[in-house]
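Next comes my_file_27.txt, a file with compact mmCIF, C-alpha atoms and all ligand atoms.
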# COMPACT_ATOMS: atom_id res chain seq x y z
CA MET R 1 23.83 -32.12 41.41
CA GLU R 2 26.13 -29.78 39.46
CA PHE R 3 24.68 -27.23 37.05
CA THR R 4 25.83 -24.45 34.76
CA LYS R 5 23.69 -21.47 33.70
CA GLY R 6 24.01 -20.06 30.20
CA HIS R 7 22.10 -18.01 27.66
CA GLY R 8 21.99 -17.06 24.01
CA THR R 9 20.59 -13.50 23.56
CA GLY R 10 18.70 -13.85 26.83
CA ASN R 11 17.15 -17.28 26.08
CA ASP R 12 18.46 -18.93 29.20
CA PHE R 13 19.08 -22.54 30.14
CA VAL R 14 20.00 -24.72 33.08
CA ILE R 15 22.78 -27.01 31.83
CA LEU R 16 23.09 -30.42 33.53
CA PRO R 17 26.29 -32.36 32.84
CA ASP R 18 25.24 -36.03 32.77
CA PRO R 19 27.63 -37.86 30.38
CA ASP R 20 26.31 -41.33 31.20
CA GLY R 21 22.63 -40.40 31.33
CA ALA R 22 22.40 -41.34 34.99
CA LEU R 23 20.08 -38.48 36.04
CA ASP R 24 16.40 -39.36 36.40
CA LEU R 25 15.13 -36.23 34.62
CA THR R 26 11.37 -35.79 35.03
CA THR R 27 8.82 -33.14 34.08
CA GLU R 28 8.61 -32.16 37.74
CA LEU R 29 12.37 -31.84 38.18
CA VAL R 30 12.75 -29.79 34.97
CA ALA R 31 9.91 -27.43 35.96
CA ALA R 32 11.42 -27.05 39.46
CA LEU R 33 14.88 -26.27 38.02
CA CYS R 34 13.38 -23.65 35.66
CA ASP R 35 11.25 -22.01 38.38
CA ARG R 36 12.60 -18.45 38.64
CA ARG R 37 11.78 -18.11 42.35
CA ARG R 38 12.21 -21.54 43.93
CA GLY R 39 14.72 -22.99 41.50
CA ILE R 40 17.64 -21.90 39.31
CA GLY R 41 15.43 -20.27 36.66
CA GLY R 42 15.49 -20.84 32.91
CA ASP R 43 13.52 -21.14 29.66
CA GLY R 44 14.64 -24.73 29.47
CA VAL R 45 17.06 -27.48 30.53
CA LEU R 46 19.95 -28.81 28.47
CA ARG R 47 21.17 -32.22 29.66
CA VAL R 48 24.66 -32.92 28.32
CA VAL R 49 24.77 -36.66 27.68
CA ARG R 50 26.83 -38.91 25.43
CA ALA R 51 24.68 -39.74 22.40
CA ALA R 52 25.37 -43.45 22.82
CA LYS R 53 24.00 -43.26 26.38
CA HIS R 54 20.62 -41.75 25.48
CA PRO R 55 17.84 -43.60 23.63
CA ASP R 56 17.04 -40.53 21.49
CA GLY R 57 20.67 -39.87 20.70
CA ALA R 58 21.97 -43.38 20.11
CA ALA R 59 20.80 -43.45 16.48
CA LEU R 60 23.09 -40.51 15.74
CA ALA R 61 25.92 -41.56 18.03
CA GLY R 62 28.20 -42.44 15.14
CA GLU R 63 28.31 -38.85 13.94
CA ALA R 64 28.09 -36.98 17.22
CA GLU R 65 29.61 -37.81 20.60
CA TRP R 66 27.13 -35.60 22.50
CA PHE R 67 23.32 -35.42 22.56
CA MET R 68 21.46 -32.23 23.50
CA ASP R 69 18.59 -33.48 25.68
CA TYR R 70 16.47 -30.28 25.58
CA TRP R 71 13.38 -29.75 27.75
CA ASN R 72 11.10 -26.67 27.79
CA SER R 73 10.61 -24.97 31.16
CA ASP R 74 7.20 -26.62 31.65
CA GLY R 75 8.87 -30.02 31.34
CA SER R 76 7.71 -30.69 27.78
CA PHE R 77 10.03 -31.84 25.02
CA ALA R 78 10.82 -29.95 21.80
CA GLU R 79 12.39 -31.31 18.65
CA MET R 80 14.92 -28.48 18.45
CA CYS R 81 16.20 -25.41 20.30
CA GLY R 82 18.46 -23.17 18.24
CA ASN R 83 19.74 -20.97 21.07
CA GLY R 84 19.99 -24.04 23.26
CA ALA R 85 22.21 -25.74 20.69
CA ARG R 86 24.46 -22.69 20.59
CA VAL R 87 24.79 -22.57 24.39
CA PHE R 88 25.26 -26.37 24.44
CA VAL R 89 28.27 -26.06 22.11
CA ARG R 90 29.71 -23.24 24.24
CA TYR R 91 29.44 -25.56 27.26
CA LEU R 92 31.11 -28.50 25.46
CA LEU R 93 34.05 -26.25 24.60
CA GLU R 94 34.43 -24.56 28.01
CA ALA R 95 34.06 -27.88 29.83
CA GLY R 96 36.82 -29.33 27.63
CA LEU R 97 34.49 -32.06 26.36
CA VAL R 98 35.41 -31.27 22.76
CA THR R 99 38.56 -29.78 21.28
CA PRO R 100 38.05 -26.63 19.23
CA SER R 101 38.95 -27.13 15.59
CA GLY R 102 38.60 -24.91 12.56
CA GLY R 103 35.84 -27.11 11.23
CA THR R 104 32.32 -27.87 12.36
CA LEU R 105 31.28 -29.84 15.44
CA PRO R 106 28.42 -32.37 15.18
CA VAL R 107 25.75 -32.40 17.91
CA ALA R 108 22.90 -34.93 18.10
CA THR R 109 19.42 -33.50 18.76
CA ARG R 110 15.84 -34.80 18.58
CA ALA R 111 15.59 -33.06 15.19
CA GLY R 112 18.69 -34.95 13.99
CA LEU R 113 22.33 -34.03 13.56
CA VAL R 114 23.28 -30.37 13.88
CA ARG R 115 26.64 -28.92 12.80
CA ALA R 116 28.10 -26.05 14.82
CA ARG R 117 30.88 -23.51 14.26
CA VAL R 118 32.47 -21.31 16.93
CA GLU R 119 33.26 -17.79 15.73
CA GLY R 120 34.79 -16.00 18.73
CA ALA R 121 31.98 -14.76 20.96
CA ASP R 122 29.42 -16.15 18.52
CA VAL R 123 28.36 -19.74 18.01
CA ALA R 124 26.66 -20.68 14.73
CA VAL R 125 24.53 -23.79 14.29
CA GLU R 126 23.15 -25.26 11.10
CA MET R 127 19.40 -25.63 11.51
CA ARG R 128 16.96 -27.55 9.39
CA ARG R 129 16.07 -25.35 6.38
CA PRO R 130 12.74 -23.66 7.35
CA ARG R 131 9.72 -24.91 5.37
CA LEU R 132 6.71 -22.62 4.92
CA TYR R 133 3.74 -24.95 4.52
CA ASP R 134 0.48 -23.19 5.37
CA THR R 135 -1.23 -20.16 6.84
CA ALA R 136 -3.05 -20.01 10.17
CA THR R 137 -4.39 -17.42 12.60
CA ALA R 138 -3.37 -16.30 16.07
CA THR R 139 -5.65 -14.22 18.31
CA LEU R 140 -4.27 -12.02 21.05
CA GLY R 141 -6.47 -9.67 23.06
CA GLY R 142 -9.11 -9.30 20.39
CA LEU R 143 -6.57 -8.90 17.56
CA THR R 144 -6.59 -11.78 15.05
CA LEU R 145 -3.60 -12.08 12.72
CA THR R 146 -3.01 -14.46 9.84
CA GLY R 147 0.50 -15.86 9.87
CA ALA R 148 2.80 -18.24 8.02
CA ALA R 149 3.15 -21.75 9.46
CA VAL R 150 6.82 -22.71 9.30
CA ASP R 151 8.52 -26.02 10.15
CA VAL R 152 12.07 -25.63 11.52
CA GLY R 153 12.11 -29.08 13.04
CA ASN R 154 9.72 -27.57 15.59
CA PRO R 155 6.50 -25.70 14.72
CA HIS R 156 6.25 -21.92 14.28
CA LEU R 157 3.60 -19.39 13.29
CA VAL R 158 5.03 -16.09 12.07
CA CYS R 159 2.60 -13.16 12.30
CA ALA R 160 3.41 -9.71 10.88
CA LEU R 161 1.88 -6.89 12.92
CA PRO R 162 -0.33 -4.39 11.10
CA GLY R 163 1.52 -1.14 10.38
CA ALA R 164 -0.10 0.85 13.16
CA LEU R 165 0.87 -1.60 15.91
CA GLU R 166 4.30 -1.73 17.58
CA LEU R 167 5.75 -4.86 19.22
CA PRO R 168 5.98 -3.38 22.76
CA ALA R 169 2.19 -2.88 22.71
CA LEU R 170 1.57 -6.64 22.59
CA ASP R 171 0.44 -8.26 25.85
CA LEU R 172 2.32 -11.59 25.83
CA THR R 173 1.59 -12.41 29.46
CA ARG R 174 -0.79 -15.04 28.08
CA ALA R 175 -0.65 -17.42 25.15
CA PRO R 176 -1.98 -16.34 21.74
CA GLU R 177 -5.02 -18.44 20.77
CA VAL R 178 -4.32 -20.71 17.80
CA ASP R 179 -6.36 -23.44 16.10
CA PRO R 180 -5.42 -26.69 17.83
CA ALA R 181 -6.29 -28.55 14.61
CA ALA R 182 -3.59 -26.57 12.79
CA PHE R 183 -1.00 -27.25 15.50
CA PRO R 184 -1.91 -30.47 17.33
CA ALA R 185 1.45 -30.49 19.17
CA GLY R 186 1.33 -26.78 19.99
CA VAL R 187 3.25 -23.97 18.30
CA ASN R 188 5.76 -21.17 18.90
CA VAL R 189 4.20 -17.86 17.81
CA GLU R 190 6.40 -15.03 16.54
CA PHE R 191 5.21 -11.44 16.03
CA THR R 192 7.23 -9.23 13.70
CA THR R 193 7.64 -5.71 12.40
CA PRO R 194 10.12 -4.58 9.71
CA GLY R 195 13.47 -3.15 10.87
CA GLU R 196 15.74 -0.55 9.26
CA PRO R 197 18.24 -1.62 6.56
CA VAL R 198 21.41 -3.23 8.01
CA ASP R 199 24.70 -3.21 6.09
CA GLY R 200 25.62 -6.63 4.76
CA ALA R 201 22.16 -8.10 5.31
CA ASP R 202 19.29 -8.72 2.88
CA GLY R 203 16.72 -7.79 5.48
CA HIS R 204 16.13 -6.76 9.09
CA VAL R 205 13.19 -7.82 11.26
CA LEU R 206 12.14 -7.05 14.84
CA MET R 207 10.52 -9.93 16.71
CA ARG R 208 8.86 -10.99 19.95
CA VAL R 209 7.87 -14.59 20.63
CA TYR R 210 5.53 -16.63 22.78
CA GLU R 211 7.16 -20.04 22.96
CA ARG R 212 5.45 -23.42 23.25
CA GLY R 213 6.29 -24.78 26.69
CA SER R 214 8.14 -21.68 27.91
CA ALA R 215 5.81 -18.63 27.48
CA GLU R 216 7.36 -15.35 26.29
CA THR R 217 11.14 -15.57 26.02
CA LEU R 218 13.67 -12.89 25.16
CA SER R 219 14.81 -14.85 22.15
CA CYS R 220 14.02 -17.97 20.13
CA GLY R 221 16.62 -19.30 17.72
CA THR R 222 14.36 -21.55 15.65
CA GLY R 223 11.84 -18.70 15.69
CA THR R 224 14.33 -16.31 14.11
CA CYS R 225 14.98 -18.90 11.39
CA ALA R 226 11.24 -19.09 10.70
CA VAL R 227 11.00 -15.29 10.64
CA ALA R 228 14.00 -15.04 8.30
CA ALA R 229 12.44 -17.51 5.86
CA VAL R 230 9.22 -15.46 5.76
CA ALA R 231 11.18 -12.22 5.27
CA LEU R 232 13.09 -13.75 2.34
CA ARG R 233 9.85 -15.01 0.78
CA ASP R 234 8.30 -11.57 1.14
CA ALA R 235 11.35 -10.13 -0.63
CA GLY R 236 10.87 -12.64 -3.47
CA ARG R 237 14.06 -14.52 -2.49
CA ASP R 238 14.86 -18.12 -1.51
CA THR R 239 18.25 -17.41 0.02
CA GLY R 240 19.94 -14.55 1.87
CA THR R 241 20.98 -13.15 5.23
CA ILE R 242 18.40 -11.69 7.61
CA VAL R 243 19.24 -9.89 10.86
CA VAL R 244 16.61 -10.44 13.55
CA ASP R 245 16.48 -8.22 16.64
CA VAL R 246 14.79 -9.88 19.61
CA PRO R 247 14.30 -8.34 23.08
CA GLY R 248 17.42 -10.23 24.22
CA GLY R 249 19.75 -9.11 21.45
CA ARG R 250 20.59 -9.75 17.78
CA LEU R 251 20.72 -13.01 15.80
CA THR R 252 21.76 -13.48 12.20
CA VAL R 253 20.18 -16.10 9.96
CA THR R 254 21.75 -17.12 6.66
CA VAL R 255 19.56 -19.28 4.43
CA THR R 256 21.27 -21.03 1.50
CA ASP R 257 19.89 -23.48 -1.06
CA ASP R 258 20.41 -26.39 1.30
CA SER R 259 20.94 -25.04 4.79
CA CYS R 260 20.12 -22.40 7.39
CA TRP R 261 22.81 -21.08 9.71
CA LEU R 262 21.82 -19.35 12.96
CA SER R 263 24.54 -17.23 14.55
CA GLY R 264 24.88 -15.05 17.64
CA PRO R 265 26.43 -14.81 21.10
CA ALA R 266 26.29 -17.71 23.57
CA VAL R 267 27.66 -17.34 27.11
CA LEU R 268 27.97 -19.30 30.34
CA VAL R 269 27.34 -17.10 33.37
CA ALA R 270 27.54 -19.36 36.44
CA THR R 271 28.10 -22.85 37.81
CA GLY R 272 26.80 -24.26 41.07
CA GLU R 273 25.40 -27.12 43.08
CA ILE R 274 21.70 -28.07 43.28
CA THR R 275 20.37 -29.38 46.60
CA LEU R 276 17.76 -31.82 45.32
CA PRO R 277 15.80 -32.36 48.58
CA ALA R 278 15.26 -28.60 48.84
CA LEU R 279 14.36 -28.30 45.18
CA LEU R 280 11.84 -31.14 45.24
CA PRO R 281 10.57 -31.39 48.84
N1 LIG R 301 9.85 -23.79 22.86
C1 LIG R 301 10.34 -24.42 21.63
C2 LIG R 301 11.74 -25.04 21.85
C3 LIG R 301 12.78 -23.99 22.14
C4 LIG R 301 12.93 -23.08 20.98
C5 LIG R 301 13.76 -21.84 21.23
N2 LIG R 301 14.15 -21.58 22.59
C6 LIG R 301 14.96 -21.83 20.30
O1 LIG R 301 15.98 -21.21 20.63
O2 LIG R 301 14.84 -22.41 19.19
C7 LIG R 301 9.39 -25.53 21.20
O3 LIG R 301 8.68 -26.07 22.06
O4 LIG R 301 9.41 -25.85 20.00
Entire entry expressed as structure tokens:
Amino acid sequence: MEFTKGHGTGNDFVILPDPDGALDLTTELVAALCDRRRGIGGDGVLRVVRAAKHPDGAALAGEAEWFMDYWNSDGSFAEMCGNGARVFVRYLLEAGLVTPSGGTLPVATRAGLVRARVEGADVAVEMRRPRLYDTATATLGGLTLTGAAVDVGNPHLVCALPGALELPALDLTRAPEVDPAAFPAGVNVEFTTPGEPVDGADGHVLMRVYERGSAETLSCGTGTCAVAAVALRDAGRDTGTIVVDVPGGRLTVTVTDDSCWLSGPAVLVATGEITLPALLP
């Protein structure tokens, strides 16, 4: 089985070309592919399938030829993956499955239709406009923080660290404890500290994240959108551009009255062949 490996600011994915949806993708196979010792290694899997050939993509097939079938590394589903969508578009282009045009490219996802723009080394995707809807707490090693619950198509909890604490001090080798009643389907938890002013941006935030279904990752695209929305609120603004530095690099989020564009680098680093019997003995 052919695969390609790609990442967006260190959020890495195993890409499986499967235009007709013929692969029998299972939780076990996804977890085995994402295993960083016995498999290829990744924060998730992106199956590249024609929207009309996938039950979750067929409803959007008219608008988008391709459906991003995203799976977290533990084999769970997520409604949306911002970095995954950016790497997915990079793959479509480099595999010649779409022709680059000056306009936007539609991609079908479980969170609906996503528009993408290629800007040289960067790929920008239009995410669902983040919605702040509640507050909730996260507890990590005896520290309890109150954060903003944000819907970006998938669930996020954005927690600002107290002034005295720096992001590297956080132990994210285990999941932050959250109230399961507040997040019955789980939640991605972001921890933030303010950055220094950046020219051309309305704000700058530093972030680490513990992702639902993938543990700590070097970057989380939907998470940076949630963080940007909180930063704009805290600045008394509804719209603007926020630069978010994650351990894997830099992403830029531009929130307008009716959209949210996530932009940053997306690269393909390898292709290869998977020997299934060895992967799933
Ligand atoms: N773990 C997330 C999905 C991937 C999000 C992240 N990798 C991104 O780039 O948005 C969830 O279960 O909602």
Item checked: Near-region 166-181 of chain R list (6 Å; only C-alpha atoms; drop same-chain fewer than 2 positions) as a list of chain:residue names ->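 Counting only C-alpha atoms, the residues come to R:Ala138, R:Thr139, R:Leu140, R:Phe183, R:Pro184.
Closest to ligand LIG 301 (chain R) among R:Leu145, R:Met80, R:Val123, R:Val14 is R:Met80, based on all atoms listed in the file.
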Residues within 10 Å of ligand LIG 301 (chain R), counting all atoms listed in the file: report them as a ChimeraX atom specification.
/R:7-13,43-44,70-74,76-87,127,151-156,185-189,209-226,262
In Å and to one decimal, CA of Arg129 (chain R) is distant from CA of Phe88 (chain R) by 20.3 Å
| task | For CA of Pro247 (chain R) and CA of Ile274 (chain R), quote the distance in Å rounded to one decimal. | result |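 Answer for the CA of Pro247 (chain R) to CA of Ile274 (chain R) separation: 29.2 Å.
Among the candidate residues R:Val114, R:Leu33, R:Thr27, R:Glu94, the one lying nearest to Leu60 (chain R) is R:Val114, with distances computed using only C-alpha atoms.
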From CA of Leu232 (chain R) to CA of Met207 (chain R) the spacing works out at 15.1 Å
Hey, can I get the axis-aligned box for region 129-133 of chain R? All listed atoms, 6 Å padding on each side, centre and edge lengths in Å to one decimal, as lines of an AutoDock Vina configuration file.
center_x = 9.9
center_y = -24.0
center_z = 5.9
size_x = 24.3
size_y = 14.7
size_z = 14.8
Considering all atoms listed in the file, can you say which of R:Leu143, R:Val246, R:Ala108, R:Val150 comes closest to Thr192 (chain R)?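 Of all the options, R:Val246 lies closest to Thr192 (chain R).
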Practice item. Show which residues sit within 12 Å of Pro281 (chain R), as a VMD selection string. Count all atoms listed in the file, and ignore same-chain residues fewer than 2 positions away. Key: chain R and resid 28 to 29 32 38 to 39 275 to 279
If you count only C-alpha atoms, the residue of R:Pro55, R:Gly248, R:Gly103, R:Pro265 closest to Arg90 (chain R) turns out to be R:Pro265
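Distances to Pro162 (chain R) were evaluated for R:Gly264, R:Gly62, R:Pro194, R:Gly21 using only C-alpha atoms, and the minimum falls at R:Pro194.
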Restricting to only C-alpha atoms, whichever of R:Val49, R:Val30, R:Ala121, R:Val227 is closest to Leu92 (chain R) is R:Val49
Requested in this report: Compile the contact shell of Arg233 (chain R) as a ChimeraX atom specification: residues with an atom at most 12 Å away, counting only C-alpha atoms, same-chain residues fewer than 5 positions apart removed.
Outcome: /R:130-132,148,150,202-203,226-228,238-240,242,255
